[in-house]
Number of protein chains: 2
Amino acid sequence: LETLWLVNGRHAGIDPADRGLAYGDGLFETMAAIDGRLRWLDYHLERLADGCLRLAIPPIDSSVLLAEIEAHCPKAGRAIVKLIVTRGPGARGYPPPDQSQPTRILGISSWQPYPRRHYTDGIRVGVCAMRLGESPALAGLKHLCRLEQVLAEVELRGRDVEQGLLLDTRGYVVGGTSTNVFAVRGGDLLTPAVTRNGVAGVMRRVVLEGAREAGLKPLETAMTLEDIKDADELFMTNALVGIWPVGRLDERAYVVGPATRRLMRQLEIDTHA
Amino acid sequence: LETLWLVNGRHAGIDPADRGLAYGDGLFETMAAIDGRLRWLDYHLERLADGCLRLAIPPIDSSVLLAEIEAHCPKAGRAIVKLIVTRGPGARGYPPPDQSQPTRILGISSWQPYPRRHYTDGIRVGVCAMRLGESPALAGLKHLCRLEQVLAEVELRGRDVEQGLLLDTRGYVVGGTSTNVFAVRGGDLLTPAVTRNGVAGVMRRVVLEGAREAGLKPLETAMTLEDIKDADELFMTNALVGIWPVGRLDERAYVVGPATRRLMRQLEIDTHA
């Protein structure tokens, strides 16, 4: 149950001068490993490369990374592979070094199945009072600056929900505390655009790409809480849980409807087995 | 010139599971040490305690911290003492542990004097194209999520300026890349409020508290770039540099005026000696 940590391939601590710690100056990916194979690996690596480009962090060598995962990831069963890439160590102050030496941190841990009822009956969700900010420069990225999400989780302590629903300061829906959100309305499949905030989730991409095959028209758009409450079906996604139907949002109950079930079947995500 | 790092009092690396690294889940203070004494120590500790309260991080024992600084800070000359406090190690995921064990990271490094002309002629400042986001839940805190500031510094590479001036997505002025900004207009001393973004700087507090003695009326308010350009005098502050008059903002030149010079004398900050 312990996590195996590798820092640049070694069992070591992090340099206190690392900019990932000092400034949240880095990115991460959380990946599902099944029998030693990483699910949606290409999408994770693409998002990571895109993030490095946007942050001007030198790209990491994926062959080194993959060899490391190959050497340490369990060959049988499920595991969670978390990868953190930071800009590496630096002097004090925000200006990055001219030649950054990124730090590659790999954490491999066991993965307990989620309760079956999350998939069959849907999860319980509560709207958070805390409003997320907006940061267009960072929107979409899975960067290390996640203090707002942490505060949302502090707020959810003691509330009987599996996810919080986060709105931003303008009142628009961003997503779940650690998930993207989708609403089915007629033949449309709506999800918040990730242009002002939010994370471009890997599972979000998988769902958007699979929508038409499931007979749904995918729409990335601005969404209000009313749009969510008016939805026929609602579900939340991330690369570990796959698709969680929403069974309840505060007082509003939802059915686990045919579109959600079709998508779940079609994408063959079976993380509760 | 090397930095001496102490992690919970020991010469050690950071646990890769530390939430400061994983989520920017922590705070920092950068303090000026002169002959072993920390300038504005009370204000730094107050801001830190306030930040811990807002983030629900257990407060650190300041007697332990002060003993550590006493033991390791040079007794003569200048040094920079950087303190990072994180929520400590945790399991994967945003929810914090019920009982956090905060990590205390102390970095002590040498402090080269800033060029004298920064104080006599003023610094050169350029407006950044990148717009800062807004995050009311985190506004004012000196938290570890500083990726926007890093991106601003990436943008400033190769530009001949000492600070960038940051506007937010609404067009309001937030401050310098690593400073707060003040504008003198008539008898008023204006600085951006830190309610939607920005850092409640220790030197900002020192200046606001000293304004009336210098014959100025302090005002924390929303400020546009026009307010800045219309100012009689402009200066930037942080706990290390003290007060830097602005000599030039893009094409606009400013004089190092009487109000700025009076404040500099009054607050007896002499960091360029």
# chains A, B, ... in the order shown; residues from 1 in each chain; ligands from 1

$ closest_atom_pairs --of "chain A" --to "chain B" --cutoff "9 Å" --atoms "only C-alpha atoms" --output "CSV"
residue,atom,partner,partner_atom,distance
A:Thr3,CA,B:Ala17,CA,8.6
A:Trp5,CA,B:Pro16,CA,6.9
A:Leu6,CA,B:Pro16,CA,8.5
A:Val7,CA,B:Pro16,CA,7.9
A:Ala12,CA,B:Gly13,CA,7.6
A:Gly13,CA,B:Gly13,CA,4.4
A:Ile14,CA,B:Ile14,CA,4.6
A:Asp15,CA,B:Gly13,CA,5.4
A:Pro16,CA,B:Ile14,CA,6.1
A:Ala17,CA,B:Trp5,CA,8.3
A:Asp18,CA,B:Leu21,CA,8.8
A:Arg19,CA,B:Leu21,CA,8.7
A:Gly20,CA,B:Leu21,CA,5.7
A:Leu21,CA,B:Leu21,CA,4.2
A:Ala22,CA,B:Leu144,CA,6.1
A:Tyr23,CA,B:Arg146,CA,4.7
A:Gly24,CA,B:Cys145,CA,5.0
A:Asp25,CA,B:Leu147,CA,5.5
A:Gly26,CA,B:Leu147,CA,8.1
A:Phe28,CA,B:Ala22,CA,8.3
A:Leu55,CA,B:Leu151,CA,6.8
A:Ala56,CA,B:Val154,CA,7.8
A:Lys82,CA,B:Arg92,CA,8.7
A:Ile84,CA,B:Ala22,CA,7.8
A:Ala91,CA,B:Thr3,CA,8.9
A:Arg92,CA,B:Lys82,CA,8.7
A:Gly93,CA,B:Ser178,CA,8.0
A:Tyr94,CA,B:Val150,CA,5.1
A:Pro95,CA,B:Glu153,CA,5.1
A:Pro96,CA,B:Val150,CA,6.9
A:Ile105,CA,B:Pro16,CA,7.6
A:Leu106,CA,B:Pro16,CA,8.9
A:Gly107,CA,B:Pro16,CA,8.3
A:Met130,CA,B:Ala137,CA,7.1
A:Arg131,CA,B:Ala137,CA,7.2
A:Leu132,CA,B:Ser135,CA,6.5
A:Gly133,CA,B:Ser135,CA,3.9
A:Glu134,CA,B:Gly133,CA,5.1
A:Ser135,CA,B:Gly133,CA,3.9
A:Pro136,CA,B:Gly133,CA,6.7
A:Ala137,CA,B:Met130,CA,7.1
A:Leu138,CA,B:Glu148,CA,7.4
A:His143,CA,B:Leu147,CA,8.4
A:Leu144,CA,B:Tyr23,CA,5.0
A:Cys145,CA,B:Cys145,CA,4.6
A:Arg146,CA,B:Tyr23,CA,4.7
A:Leu147,CA,B:Asp25,CA,5.5
A:Glu148,CA,B:Ala137,CA,7.2
A:Gln149,CA,B:Tyr94,CA,6.4
A:Val150,CA,B:Tyr94,CA,5.1
A:Leu151,CA,B:Leu55,CA,6.8
A:Ala152,CA,B:Pro95,CA,8.5
A:Glu153,CA,B:Pro95,CA,5.1
A:Val154,CA,B:Pro95,CA,6.7
A:Leu156,CA,B:Pro95,CA,8.8
A:Arg157,CA,B:Pro95,CA,8.4
A:Thr169,CA,B:Ser135,CA,7.9
A:Thr177,CA,B:Tyr94,CA,8.1
A:Ser178,CA,B:Tyr94,CA,7.6
A:Arg196,CA,B:Gly133,CA,8.6

$ select_by_dssp --residues "range 72-140 of chain A" --states "strand (DSSP E or B)" --output "PDB file with all heavy atoms, in the first residue's frame"
ATOM      1  N   ARG A  78      -3.895  -3.854 -10.742  1.00  0.00           N
ATOM      2  CA  ARG A  78      -4.057  -2.431 -10.977  1.00  0.00           C
ATOM      3  C   ARG A  78      -3.079  -1.631 -10.134  1.00  0.00           C
ATOM      4  O   ARG A  78      -2.770  -1.999  -9.006  1.00  0.00           O
ATOM      5  CB  ARG A  78      -5.469  -2.006 -10.579  1.00  0.00           C
ATOM      6  CG  ARG A  78      -6.533  -2.610 -11.442  1.00  0.00           C
ATOM      7  CD  ARG A  78      -7.900  -2.572 -10.773  1.00  0.00           C
ATOM      8  NE  ARG A  78      -8.888  -3.211 -11.628  1.00  0.00           N
ATOM      9  CZ  ARG A  78      -9.428  -2.613 -12.682  1.00  0.00           C
ATOM     10  NH1 ARG A  78      -9.114  -1.392 -13.007  1.00  0.00           N
ATOM     11  NH2 ARG A  78     -10.301  -3.259 -13.419  1.00  0.00           N
ATOM     12  N   ALA A  79      -2.635  -0.518 -10.689  1.00  0.00           N
ATOM     13  CA  ALA A  79      -1.782   0.388  -9.929  1.00  0.00           C
ATOM     14  C   ALA A  79      -2.049   1.806 -10.414  1.00  0.00           C
ATOM     15  O   ALA A  79      -2.565   2.020 -11.512  1.00  0.00           O
ATOM     16  CB  ALA A  79      -0.299   0.033 -10.117  1.00  0.00           C
ATOM     17  N   ILE A  80      -1.715   2.753  -9.557  1.00  0.00           N
ATOM     18  CA  ILE A  80      -1.810   4.160  -9.935  1.00  0.00           C
ATOM     19  C   ILE A  80      -0.396   4.672 -10.158  1.00  0.00           C
ATOM     20  O   ILE A  80       0.474   4.524  -9.297  1.00  0.00           O
ATOM     21  CB  ILE A  80      -2.509   4.992  -8.843  1.00  0.00           C
ATOM     22  CG1 ILE A  80      -3.949   4.515  -8.657  1.00  0.00           C
ATOM     23  CG2 ILE A  80      -2.465   6.478  -9.189  1.00  0.00           C
ATOM     24  CD1 ILE A  80      -4.674   5.159  -7.484  1.00  0.00           C
ATOM     25  N   VAL A  81      -0.155   5.244 -11.328  1.00  0.00           N
ATOM     26  CA  VAL A  81       1.157   5.798 -11.637  1.00  0.00           C
ATOM     27  C   VAL A  81       1.018   7.313 -11.707  1.00  0.00           C
ATOM     28  O   VAL A  81       0.348   7.848 -12.595  1.00  0.00           O
ATOM     29  CB  VAL A  81       1.704   5.241 -12.966  1.00  0.00           C
ATOM     30  CG1 VAL A  81       3.033   5.901 -13.312  1.00  0.00           C
ATOM     31  CG2 VAL A  81       1.878   3.718 -12.870  1.00  0.00           C
ATOM     32  N   LYS A  82       1.628   7.982 -10.741  1.00  0.00           N
ATOM     33  CA  LYS A  82       1.581   9.439 -10.736  1.00  0.00           C
ATOM     34  C   LYS A  82       2.925   9.980 -11.187  1.00  0.00           C
ATOM     35  O   LYS A  82       3.967   9.568 -10.677  1.00  0.00           O
ATOM     36  CB  LYS A  82       1.247   9.958  -9.338  1.00  0.00           C
ATOM     37  CG  LYS A  82       1.276  11.481  -9.267  1.00  0.00           C
ATOM     38  CD  LYS A  82       0.642  12.030  -8.012  1.00  0.00           C
ATOM     39  CE  LYS A  82       0.784  13.551  -8.012  1.00  0.00           C
ATOM     40  NZ  LYS A  82       0.028  14.179  -6.923  1.00  0.00           N
ATOM     41  N   LEU A  83       2.894  10.866 -12.147  1.00  0.00           N
ATOM     42  CA  LEU A  83       4.116  11.474 -12.656  1.00  0.00           C
ATOM     43  C   LEU A  83       4.064  12.972 -12.393  1.00  0.00           C
ATOM     44  O   LEU A  83       3.090  13.630 -12.752  1.00  0.00           O
ATOM     45  CB  LEU A  83       4.231  11.220 -14.164  1.00  0.00           C
ATOM     46  CG  LEU A  83       5.321  11.998 -14.901  1.00  0.00           C
ATOM     47  CD1 LEU A  83       6.707  11.551 -14.453  1.00  0.00           C
ATOM     48  CD2 LEU A  83       5.172  11.833 -16.413  1.00  0.00           C
ATOM     49  N   ILE A  84       5.102  13.485 -11.753  1.00  0.00           N
ATOM     50  CA  ILE A  84       5.246  14.929 -11.573  1.00  0.00           C
ATOM     51  C   ILE A  84       6.473  15.359 -12.367  1.00  0.00           C
ATOM     52  O   ILE A  84       7.525  14.727 -12.260  1.00  0.00           O
ATOM     53  CB  ILE A  84       5.444  15.308 -10.078  1.00  0.00           C
ATOM     54  CG1 ILE A  84       4.241  14.879  -9.230  1.00  0.00           C
ATOM     55  CG2 ILE A  84       5.691  16.809  -9.924  1.00  0.00           C
ATOM     56  CD1 ILE A  84       4.422  15.118  -7.729  1.00  0.00           C
ATOM     57  N   VAL A  85       6.331  16.393 -13.169  1.00  0.00           N
ATOM     58  CA  VAL A  85       7.486  16.973 -13.864  1.00  0.00           C
ATOM     59  C   VAL A  85       7.600  18.427 -13.428  1.00  0.00           C
ATOM     60  O   VAL A  85       6.665  19.211 -13.630  1.00  0.00           O
ATOM     61  CB  VAL A  85       7.335  16.887 -15.392  1.00  0.00           C
ATOM     62  CG1 VAL A  85       8.464  17.640 -16.093  1.00  0.00           C
ATOM     63  CG2 VAL A  85       7.317  15.436 -15.846  1.00  0.00           C
ATOM     64  N   THR A  86       8.713  18.776 -12.796  1.00  0.00           N
ATOM     65  CA  THR A  86       8.904  20.171 -12.397  1.00  0.00           C
ATOM     66  C   THR A  86       9.997  20.797 -13.255  1.00  0.00           C
ATOM     67  O   THR A  86      10.722  20.103 -13.971  1.00  0.00           O
ATOM     68  CB  THR A  86       9.332  20.308 -10.922  1.00  0.00           C
ATOM     69  OG1 THR A  86      10.743  20.039 -10.808  1.00  0.00           O
ATOM     70  CG2 THR A  86       8.565  19.360 -10.023  1.00  0.00           C
ATOM     71  N   PRO A  89      15.521  22.293 -10.038  1.00  0.00           N
ATOM     72  CA  PRO A  89      16.038  23.233  -9.038  1.00  0.00           C
ATOM     73  C   PRO A  89      16.366  24.585  -9.655  1.00  0.00           C
ATOM     74  O   PRO A  89      16.601  24.700 -10.859  1.00  0.00           O
ATOM     75  CB  PRO A  89      17.302  22.551  -8.517  1.00  0.00           C
ATOM     76  CG  PRO A  89      17.640  21.492  -9.497  1.00  0.00           C
ATOM     77  CD  PRO A  89      16.427  21.179 -10.305  1.00  0.00           C
ATOM     78  N   THR A 103      12.871  18.040 -13.175  1.00  0.00           N
ATOM     79  CA  THR A 103      12.850  16.908 -12.249  1.00  0.00           C
ATOM     80  C   THR A 103      11.674  16.003 -12.617  1.00  0.00           C
ATOM     81  O   THR A 103      10.577  16.488 -12.870  1.00  0.00           O
ATOM     82  CB  THR A 103      12.669  17.394 -10.803  1.00  0.00           C
ATOM     83  OG1 THR A 103      13.683  18.352 -10.497  1.00  0.00           O
ATOM     84  CG2 THR A 103      12.764  16.241  -9.814  1.00  0.00           C
ATOM     85  N   ARG A 104      11.963  14.706 -12.644  1.00  0.00           N
ATOM     86  CA  ARG A 104      10.956  13.694 -13.023  1.00  0.00           C
ATOM     87  C   ARG A 104      10.665  12.858 -11.781  1.00  0.00           C
ATOM     88  O   ARG A 104      11.557  12.212 -11.256  1.00  0.00           O
ATOM     89  CB  ARG A 104      11.555  12.832 -14.132  1.00  0.00           C
ATOM     90  CG  ARG A 104      10.688  11.778 -14.751  1.00  0.00           C
ATOM     91  CD  ARG A 104      11.476  11.046 -15.840  1.00  0.00           C
ATOM     92  NE  ARG A 104      12.491  10.147 -15.283  1.00  0.00           N
ATOM     93  CZ  ARG A 104      13.810  10.355 -15.322  1.00  0.00           C
ATOM     94  NH1 ARG A 104      14.323  11.416 -15.906  1.00  0.00           N
ATOM     95  NH2 ARG A 104      14.639   9.489 -14.774  1.00  0.00           N
ATOM     96  N   ILE A 105       9.447  12.931 -11.302  1.00  0.00           N
ATOM     97  CA  ILE A 105       9.092  12.231 -10.065  1.00  0.00           C
ATOM     98  C   ILE A 105       7.986  11.246 -10.380  1.00  0.00           C
ATOM     99  O   ILE A 105       6.928  11.615 -10.901  1.00  0.00           O
ATOM    100  CB  ILE A 105       8.616  13.233  -8.990  1.00  0.00           C
ATOM    101  CG1 ILE A 105       9.712  14.266  -8.718  1.00  0.00           C
ATOM    102  CG2 ILE A 105       8.234  12.505  -7.704  1.00  0.00           C
ATOM    103  CD1 ILE A 105       9.202  15.540  -8.081  1.00  0.00           C
ATOM    104  N   LEU A 106       8.248   9.998 -10.056  1.00  0.00           N
ATOM    105  CA  LEU A 106       7.302   8.936 -10.377  1.00  0.00           C
ATOM    106  C   LEU A 106       6.851   8.296  -9.074  1.00  0.00           C
ATOM    107  O   LEU A 106       7.684   7.925  -8.241  1.00  0.00           O
ATOM    108  CB  LEU A 106       8.017   7.908 -11.263  1.00  0.00           C
ATOM    109  CG  LEU A 106       7.191   6.968 -12.106  1.00  0.00           C
ATOM    110  CD1 LEU A 106       6.346   7.718 -13.123  1.00  0.00           C
ATOM    111  CD2 LEU A 106       8.118   5.981 -12.817  1.00  0.00           C
ATOM    112  N   GLY A 107       5.556   8.211  -8.871  1.00  0.00           N
ATOM    113  CA  GLY A 107       5.015   7.550  -7.686  1.00  0.00           C
ATOM    114  C   GLY A 107       4.099   6.420  -8.111  1.00  0.00           C
ATOM    115  O   GLY A 107       3.145   6.634  -8.856  1.00  0.00           O
ATOM    116  N   ILE A 108       4.412   5.217  -7.683  1.00  0.00           N
ATOM    117  CA  ILE A 108       3.596   4.055  -8.057  1.00  0.00           C
ATOM    118  C   ILE A 108       2.936   3.513  -6.798  1.00  0.00           C
ATOM    119  O   ILE A 108       3.619   3.185  -5.831  1.00  0.00           O
ATOM    120  CB  ILE A 108       4.458   2.971  -8.739  1.00  0.00           C
ATOM    121  CG1 ILE A 108       5.116   3.572  -9.992  1.00  0.00           C
ATOM    122  CG2 ILE A 108       3.622   1.750  -9.090  1.00  0.00           C
ATOM    123  CD1 ILE A 108       6.052   2.630 -10.725  1.00  0.00           C
ATOM    124  N   SER A 109       1.624   3.465  -6.810  1.00  0.00           N
ATOM    125  CA  SER A 109       0.929   3.008  -5.606  1.00  0.00           C
ATOM    126  C   SER A 109      -0.192   2.053  -5.965  1.00  0.00           C
ATOM    127  O   SER A 109      -0.599   1.937  -7.125  1.00  0.00           O
ATOM    128  CB  SER A 109       0.393   4.199  -4.807  1.00  0.00           C
ATOM    129  OG  SER A 109      -0.290   5.096  -5.640  1.00  0.00           O
ATOM    130  N   SER A 110      -0.680   1.361  -4.961  1.00  0.00           N
ATOM    131  CA  SER A 110      -1.751   0.390  -5.206  1.00  0.00           C
ATOM    132  C   SER A 110      -3.048   1.128  -5.493  1.00  0.00           C
ATOM    133  O   SER A 110      -3.190   2.309  -5.204  1.00  0.00           O
ATOM    134  CB  SER A 110      -1.912  -0.522  -3.996  1.00  0.00           C
ATOM    135  OG  SER A 110      -2.361   0.233  -2.898  1.00  0.00           O
ATOM    136  N   ILE A 123     -22.892   8.749  -8.066  1.00  0.00           N
ATOM    137  CA  ILE A 123     -22.285   9.356  -6.873  1.00  0.00           C
ATOM    138  C   ILE A 123     -23.137  10.519  -6.369  1.00  0.00           C
ATOM    139  O   ILE A 123     -23.995  11.030  -7.076  1.00  0.00           O
ATOM    140  CB  ILE A 123     -20.842   9.849  -7.156  1.00  0.00           C
ATOM    141  CG1 ILE A 123     -20.832  10.868  -8.316  1.00  0.00           C
ATOM    142  CG2 ILE A 123     -19.939   8.669  -7.460  1.00  0.00           C
ATOM    143  CD1 ILE A 123     -19.499  11.596  -8.473  1.00  0.00           C
ATOM    144  N   ARG A 124     -22.845  10.887  -5.138  1.00  0.00           N
ATOM    145  CA  ARG A 124     -23.502  12.051  -4.534  1.00  0.00           C
ATOM    146  C   ARG A 124     -22.559  13.250  -4.666  1.00  0.00           C
ATOM    147  O   ARG A 124     -21.355  13.143  -4.377  1.00  0.00           O
ATOM    148  CB  ARG A 124     -23.790  11.776  -3.072  1.00  0.00           C
ATOM    149  CG  ARG A 124     -24.802  10.636  -2.868  1.00  0.00           C
ATOM    150  CD  ARG A 124     -24.705  10.058  -1.489  1.00  0.00           C
ATOM    151  NE  ARG A 124     -23.343   9.558  -1.230  1.00  0.00           N
ATOM    152  CZ  ARG A 124     -22.939   9.064  -0.076  1.00  0.00           C
ATOM    153  NH1 ARG A 124     -23.757   9.005   0.949  1.00  0.00           N
ATOM    154  NH2 ARG A 124     -21.701   8.623   0.074  1.00  0.00           N
ATOM    155  N   VAL A 125     -23.089  14.358  -5.091  1.00  0.00           N
ATOM    156  CA  VAL A 125     -22.294  15.560  -5.355  1.00  0.00           C
ATOM    157  C   VAL A 125     -22.914  16.743  -4.608  1.00  0.00           C
ATOM    158  O   VAL A 125     -24.144  16.844  -4.526  1.00  0.00           O
ATOM    159  CB  VAL A 125     -22.254  15.862  -6.878  1.00  0.00           C
ATOM    160  CG1 VAL A 125     -21.467  17.140  -7.172  1.00  0.00           C
ATOM    161  CG2 VAL A 125     -21.662  14.680  -7.648  1.00  0.00           C
ATOM    162  N   GLY A 126     -22.088  17.595  -4.065  1.00  0.00           N
ATOM    163  CA  GLY A 126     -22.572  18.814  -3.411  1.00  0.00           C
ATOM    164  C   GLY A 126     -21.906  20.036  -4.037  1.00  0.00           C
ATOM    165  O   GLY A 126     -20.725  19.997  -4.379  1.00  0.00           O
ATOM    166  N   VAL A 127     -22.661  21.109  -4.196  1.00  0.00           N
ATOM    167  CA  VAL A 127     -22.087  22.344  -4.736  1.00  0.00           C
ATOM    168  C   VAL A 127     -21.223  22.993  -3.644  1.00  0.00           C
ATOM    169  O   VAL A 127     -21.657  23.123  -2.501  1.00  0.00           O
ATOM    170  CB  VAL A 127     -23.193  23.323  -5.190  1.00  0.00           C
ATOM    171  CG1 VAL A 127     -22.578  24.634  -5.663  1.00  0.00           C
ATOM    172  CG2 VAL A 127     -24.029  22.692  -6.299  1.00  0.00           C
ATOM    173  N   LEU A 132     -14.018  28.997  -7.525  1.00  0.00           N
ATOM    174  CA  LEU A 132     -12.722  28.936  -8.195  1.00  0.00           C
ATOM    175  C   LEU A 132     -12.425  30.254  -8.889  1.00  0.00           C
ATOM    176  O   LEU A 132     -13.326  30.917  -9.385  1.00  0.00           O
ATOM    177  CB  LEU A 132     -12.731  27.843  -9.263  1.00  0.00           C
ATOM    178  CG  LEU A 132     -12.536  26.409  -8.843  1.00  0.00           C
ATOM    179  CD1 LEU A 132     -12.505  25.530 -10.091  1.00  0.00           C
ATOM    180  CD2 LEU A 132     -11.245  26.224  -8.060  1.00  0.00           C
ATOM    181  N   GLU A 134     -10.191  32.480 -11.896  1.00  0.00           N
ATOM    182  CA  GLU A 134      -9.987  32.334 -13.334  1.00  0.00           C
ATOM    183  C   GLU A 134      -8.546  32.654 -13.630  1.00  0.00           C
ATOM    184  O   GLU A 134      -8.002  33.635 -13.110  1.00  0.00           O
ATOM    185  CB  GLU A 134     -10.829  33.346 -14.098  1.00  0.00           C
ATOM    186  CG  GLU A 134     -12.298  33.176 -13.938  1.00  0.00           C
ATOM    187  CD  GLU A 134     -12.999  34.296 -14.687  1.00  0.00           C
ATOM    188  OE1 GLU A 134     -12.822  34.362 -15.915  1.00  0.00           O
ATOM    189  OE2 GLU A 134     -13.664  35.101 -14.027  1.00  0.00           O
ATOM    190  N   GLY A 140      -6.724  24.753 -18.406  1.00  0.00           N
ATOM    191  CA  GLY A 140      -6.555  23.504 -19.131  1.00  0.00           C
ATOM    192  C   GLY A 140      -5.394  22.669 -18.646  1.00  0.00           C
ATOM    193  O   GLY A 140      -5.422  21.444 -18.746  1.00  0.00           O
TER     194      GLY A 140
END

$ closest_residue --among "B:Gly201, B:Gly51, B:Pro218, B:Gly186" --to "Ala231 in chain B" --atoms "only C-alpha atoms"
B:Gly186

$ select_by_dssp --residues "range 59-149 of chain A" --states "helix (DSSP H, G or I)" --output "MDAnalysis selection string"
chainID A and resid 62:72 117:120 147:149
